[in-house]
Amino acid sequence: MRIDKFLKVSRLIKRREIAKQLCEDEDVFLNGKIAKAMSEVHEGDLLTLKLGKKTILAKICEVRPYAKKEEATEMVEILEVKEEQREADL
């Protein structure tokens, strides 16, 4: 499955167009490499999303063509969430 569709189905991103734009902006990494929207995802892959000041590290547990809200949470395991601190906060 394409990574842009996976992000939408797993509900990490609300719309596929936004997921595609994140890939174009090089804010999505798959197994440590920059992911393009057409990159294929597989179970066990590590996914890193940069969303503003927040960075999410997740492991892909399951790949499904569609999922209900309850099932979508089973598709990824969030390993870490980091928030960048502004220089003023330091």
# chains A, B, ... in the order shown; residues from 1 in each chain; ligands from 1
>>> select_by_dssp(residues="stretch 13-48 of chain A", states="strand (DSSP E or B)", output="MDAnalysis selection string")
chainID A and resid 28:30 33:34 40 46:48
>>> residues_around(residues="stretch 54-60 of chain A", least_positions_apart="6", cutoff="10 Å", atoms="only C-alpha atoms", output="short mmCIF file (atom, residue, chain, number, x, y, z; two decimals) with N, CA and C atoms, in the first residue's frame")
data_model
loop_
_atom_site.label_atom_id
_atom_site.label_comp_id
_atom_site.auth_asym_id
_atom_site.auth_seq_id
_atom_site.Cartn_x
_atom_site.Cartn_y
_atom_site.Cartn_z
N PHE A 6 -1.86 4.85 3.36
CA PHE A 6 -1.73 4.25 4.69
C PHE A 6 -1.93 5.27 5.79
N SER A 10 -4.91 4.72 8.42
CA SER A 10 -4.54 4.52 9.83
C SER A 10 -4.95 5.70 10.70
N LEU A 12 -3.59 8.57 11.01
CA LEU A 12 -2.52 9.43 11.51
C LEU A 12 -2.65 10.82 10.89
N ASP A 27 8.72 15.48 5.04
CA ASP A 27 8.43 15.39 6.46
C ASP A 27 8.02 13.98 6.89
N VAL A 28 8.12 13.02 5.94
CA VAL A 28 7.76 11.63 6.21
C VAL A 28 8.98 10.76 5.90
N PHE A 29 9.34 9.92 6.88
CA PHE A 29 10.48 9.02 6.70
C PHE A 29 10.01 7.59 6.91
N LEU A 30 10.50 6.69 6.07
CA LEU A 30 10.18 5.28 6.16
C LEU A 30 11.48 4.52 6.33
N ASN A 31 11.65 3.88 7.47
CA ASN A 31 12.89 3.16 7.80
C ASN A 31 14.12 4.06 7.69
N VAL A 41 4.50 0.61 1.94
CA VAL A 41 4.70 0.29 3.35
C VAL A 41 4.42 -1.19 3.57
N HIS A 42 5.11 -1.76 4.57
CA HIS A 42 4.94 -3.16 4.91
C HIS A 42 4.92 -3.28 6.43
N GLU A 43 4.38 -4.37 6.91
CA GLU A 43 4.36 -4.61 8.35
C GLU A 43 5.78 -4.65 8.88
N GLY A 44 6.01 -4.00 10.01
CA GLY A 44 7.33 -3.97 10.62
C GLY A 44 8.15 -2.74 10.26
N ASP A 45 7.72 -1.96 9.27
CA ASP A 45 8.44 -0.75 8.89
C ASP A 45 8.35 0.29 9.99
N LEU A 46 9.38 1.13 10.10
CA LEU A 46 9.37 2.25 11.04
C LEU A 46 9.02 3.53 10.30
N LEU A 47 8.10 4.28 10.85
CA LEU A 47 7.58 5.47 10.22
C LEU A 47 7.87 6.67 11.12
N THR A 48 8.41 7.74 10.53
CA THR A 48 8.65 8.97 11.28
C THR A 48 7.92 10.10 10.58
N GLU A 74 -5.11 -0.18 15.65
CA GLU A 74 -4.31 -1.41 15.66
C GLU A 74 -3.28 -1.44 14.54
N MET A 75 -3.37 -0.53 13.60
CA MET A 75 -2.48 -0.54 12.44
C MET A 75 -1.08 -0.02 12.76
N VAL A 76 -0.97 0.86 13.73
CA VAL A 76 0.34 1.41 14.09
C VAL A 76 0.52 1.36 15.61
N GLU A 77 1.78 1.27 16.00
CA GLU A 77 2.14 1.34 17.40
C GLU A 77 3.02 2.57 17.56
N ILE A 78 2.55 3.56 18.30
CA ILE A 78 3.31 4.78 18.53
C ILE A 78 4.44 4.46 19.51
N LEU A 79 5.67 4.62 19.05
CA LEU A 79 6.83 4.32 19.88
C LEU A 79 7.31 5.53 20.67
N GLU A 80 7.22 6.71 20.03
CA GLU A 80 7.75 7.92 20.67
C GLU A 80 7.12 9.15 20.05
N VAL A 81 6.87 10.15 20.88
CA VAL A 81 6.40 11.46 20.42
C VAL A 81 7.32 12.50 21.05
N LYS A 82 7.98 13.27 20.19
CA LYS A 82 8.89 14.32 20.67
C LYS A 82 8.31 15.67 20.30
N GLU A 83 8.46 16.62 21.19
CA GLU A 83 8.08 18.00 20.90
C GLU A 83 9.31 18.85 21.00
N GLU A 84 9.59 19.61 19.95
CA GLU A 84 10.73 20.52 19.97
C GLU A 84 10.44 21.66 20.92
N GLN A 85 11.47 22.07 21.64
CA GLN A 85 11.31 23.21 22.51
C GLN A 85 11.89 24.42 21.80
#
>>> residues_around(residues="A:Gln21", least_positions_apart="4", cutoff="10 Å", atoms="only C-alpha atoms", output="compact mmCIF listing (two decimals) with N, CA and C atoms, in the first residue's frame")
# COMPACT_ATOMS: atom_id res chain seq x y z
N ASP A 4 0.95 7.37 1.42
CA ASP A 4 -0.05 8.43 1.59
C ASP A 4 -1.42 7.84 1.92
N ARG A 16 -5.81 12.31 2.58
CA ARG A 16 -4.72 11.78 1.76
C ARG A 16 -3.93 12.90 1.08
N GLU A 17 -4.60 13.98 0.71
CA GLU A 17 -3.92 15.11 0.07
C GLU A 17 -2.89 15.72 1.01
N ASP A 25 7.04 17.55 1.06
CA ASP A 25 7.82 18.47 1.89
C ASP A 25 8.94 17.75 2.66
N GLU A 26 9.10 16.45 2.42
CA GLU A 26 10.13 15.62 3.06
C GLU A 26 9.98 15.58 4.58
N ASP A 27 8.72 15.48 5.04
CA ASP A 27 8.43 15.39 6.46
C ASP A 27 8.02 13.98 6.89
N VAL A 28 8.12 13.02 5.94
CA VAL A 28 7.76 11.63 6.21
C VAL A 28 8.98 10.76 5.90
N LYS A 36 8.56 9.03 -0.41
CA LYS A 36 7.72 9.69 -1.40
C LYS A 36 6.30 9.16 -1.22
N ALA A 37 5.32 9.87 -1.75
CA ALA A 37 3.92 9.47 -1.57
C ALA A 37 3.66 8.08 -2.11
>>> atom_distance(atom1="atom CA of A:Met38", atom2="atom CA of A:Lys68")
23.1 Å
>>> atom_distance(atom1="atom CA of A:Glu24", atom2="atom CA of A:Glu70")
29.1 Å
>>> residues_around(residues="A:Glu40", least_positions_apart="5", cutoff="6 Å", atoms="only C-alpha atoms", output="list in words")
Met1, Arg2 and Ile3 of chain A
>>> closest_residue(among="A:Arg15, A:Lys20, A:Lys33, A:Lys8", to="A:Thr73", atoms="only C-alpha atoms")
A:Lys8
>>> select_by_dssp(residues="chain A", states="alpha helix (DSSP H)", output="list in words")
Ile3, Asp4, Lys5, Phe6, Leu7, Lys8, Val9, Arg16, Glu17, Ile18, Ala19, Lys20, Gln21, Leu22, Cys23, Glu24, Lys69, Glu70, Glu71 and Ala72 of chain A
>>> decode(residues="chain A", atoms="C-alpha atoms", output="CSV table (one decimal), in the first residue's frame")
chain,number,residue,atom,x,y,z
A,1,MET,CA,0.0,0.0,0.0
A,2,ARG,CA,1.2,3.5,-0.7
A,3,ILE,CA,2.3,5.5,2.3
A,4,ASP,CA,0.0,8.4,1.6
A,5,LYS,CA,-3.0,6.1,1.6
A,6,PHE,CA,-1.7,4.2,4.7
A,7,LEU,CA,-1.5,7.5,6.6
A,8,LYS,CA,-5.1,8.3,5.8
A,9,VAL,CA,-6.5,4.8,6.5
A,10,SER,CA,-4.5,4.5,9.8
A,11,ARG,CA,-5.9,8.0,10.7
A,12,LEU,CA,-2.5,9.4,11.5
A,13,ILE,CA,-3.4,12.1,8.9
A,14,LYS,CA,-7.0,13.2,8.2
A,15,ARG,CA,-6.8,13.5,4.4
A,16,ARG,CA,-4.7,11.8,1.8
A,17,GLU,CA,-3.9,15.1,0.1
A,18,ILE,CA,-2.3,16.3,3.3
A,19,ALA,CA,-0.3,13.1,3.6
A,20,LYS,CA,0.9,13.5,0.0
A,21,GLN,CA,1.9,17.1,0.7
A,22,LEU,CA,3.9,16.0,3.8
A,23,CYS,CA,5.8,13.5,1.7
A,24,GLU,CA,6.5,16.2,-0.9
A,25,ASP,CA,7.8,18.5,1.9
A,26,GLU,CA,10.1,15.6,3.1
A,27,ASP,CA,8.4,15.4,6.5
A,28,VAL,CA,7.8,11.6,6.2
A,29,PHE,CA,10.5,9.0,6.7
A,30,LEU,CA,10.2,5.3,6.2
A,31,ASN,CA,12.9,3.2,7.8
A,32,GLY,CA,15.1,6.3,8.2
A,33,LYS,CA,14.8,7.3,4.5
A,34,ILE,CA,12.8,10.2,3.0
A,35,ALA,CA,9.5,8.7,1.8
A,36,LYS,CA,7.7,9.7,-1.4
A,37,ALA,CA,3.9,9.5,-1.6
A,38,MET,CA,4.2,6.3,-3.7
A,39,SER,CA,6.5,4.5,-1.3
A,40,GLU,CA,5.2,1.1,-0.3
A,41,VAL,CA,4.7,0.3,3.3
A,42,HIS,CA,4.9,-3.2,4.9
A,43,GLU,CA,4.4,-4.6,8.3
A,44,GLY,CA,7.3,-4.0,10.6
A,45,ASP,CA,8.4,-0.7,8.9
A,46,LEU,CA,9.4,2.3,11.0
A,47,LEU,CA,7.6,5.5,10.2
A,48,THR,CA,8.7,9.0,11.3
A,49,LEU,CA,6.3,12.0,10.8
A,50,LYS,CA,7.3,15.6,11.4
A,51,LEU,CA,4.2,17.6,12.1
A,52,GLY,CA,5.2,21.1,13.0
A,53,LYS,CA,7.1,21.0,16.3
A,54,LYS,CA,6.0,17.4,16.9
A,55,THR,CA,7.9,14.3,15.7
A,56,ILE,CA,6.1,10.9,15.8
A,57,LEU,CA,7.9,7.6,15.6
A,58,ALA,CA,5.7,4.7,14.9
A,59,LYS,CA,5.9,1.0,13.9
A,60,ILE,CA,3.6,-0.3,11.3
A,61,CYS,CA,1.8,-3.3,12.8
A,62,GLU,CA,-0.8,-4.1,10.1
A,63,VAL,CA,-1.6,-2.9,6.6
A,64,ARG,CA,-5.2,-2.8,5.5
A,65,PRO,CA,-6.9,-1.3,2.5
A,66,TYR,CA,-9.6,0.3,4.8
A,67,ALA,CA,-10.3,0.3,8.5
A,68,LYS,CA,-13.0,1.4,10.9
A,69,LYS,CA,-12.0,3.8,13.6
A,70,GLU,CA,-11.5,1.1,16.2
A,71,GLU,CA,-9.4,-1.0,13.8
A,72,ALA,CA,-7.2,2.0,12.7
A,73,THR,CA,-5.6,2.2,16.1
A,74,GLU,CA,-4.3,-1.4,15.7
A,75,MET,CA,-2.5,-0.5,12.4
A,76,VAL,CA,0.3,1.4,14.1
A,77,GLU,CA,2.1,1.3,17.4
A,78,ILE,CA,3.3,4.8,18.5
A,79,LEU,CA,6.8,4.3,19.9
A,80,GLU,CA,7.7,7.9,20.7
A,81,VAL,CA,6.4,11.5,20.4
A,82,LYS,CA,8.9,14.3,20.7
A,83,GLU,CA,8.1,18.0,20.9
A,84,GLU,CA,10.7,20.5,20.0
A,85,GLN,CA,11.3,23.2,22.5
A,86,ARG,CA,11.7,26.8,21.4
A,87,GLU,CA,14.9,28.6,22.3
A,88,ALA,CA,12.9,30.9,24.6
A,89,ASP,CA,11.8,27.8,26.6
A,90,LEU,CA,15.4,26.7,27.2
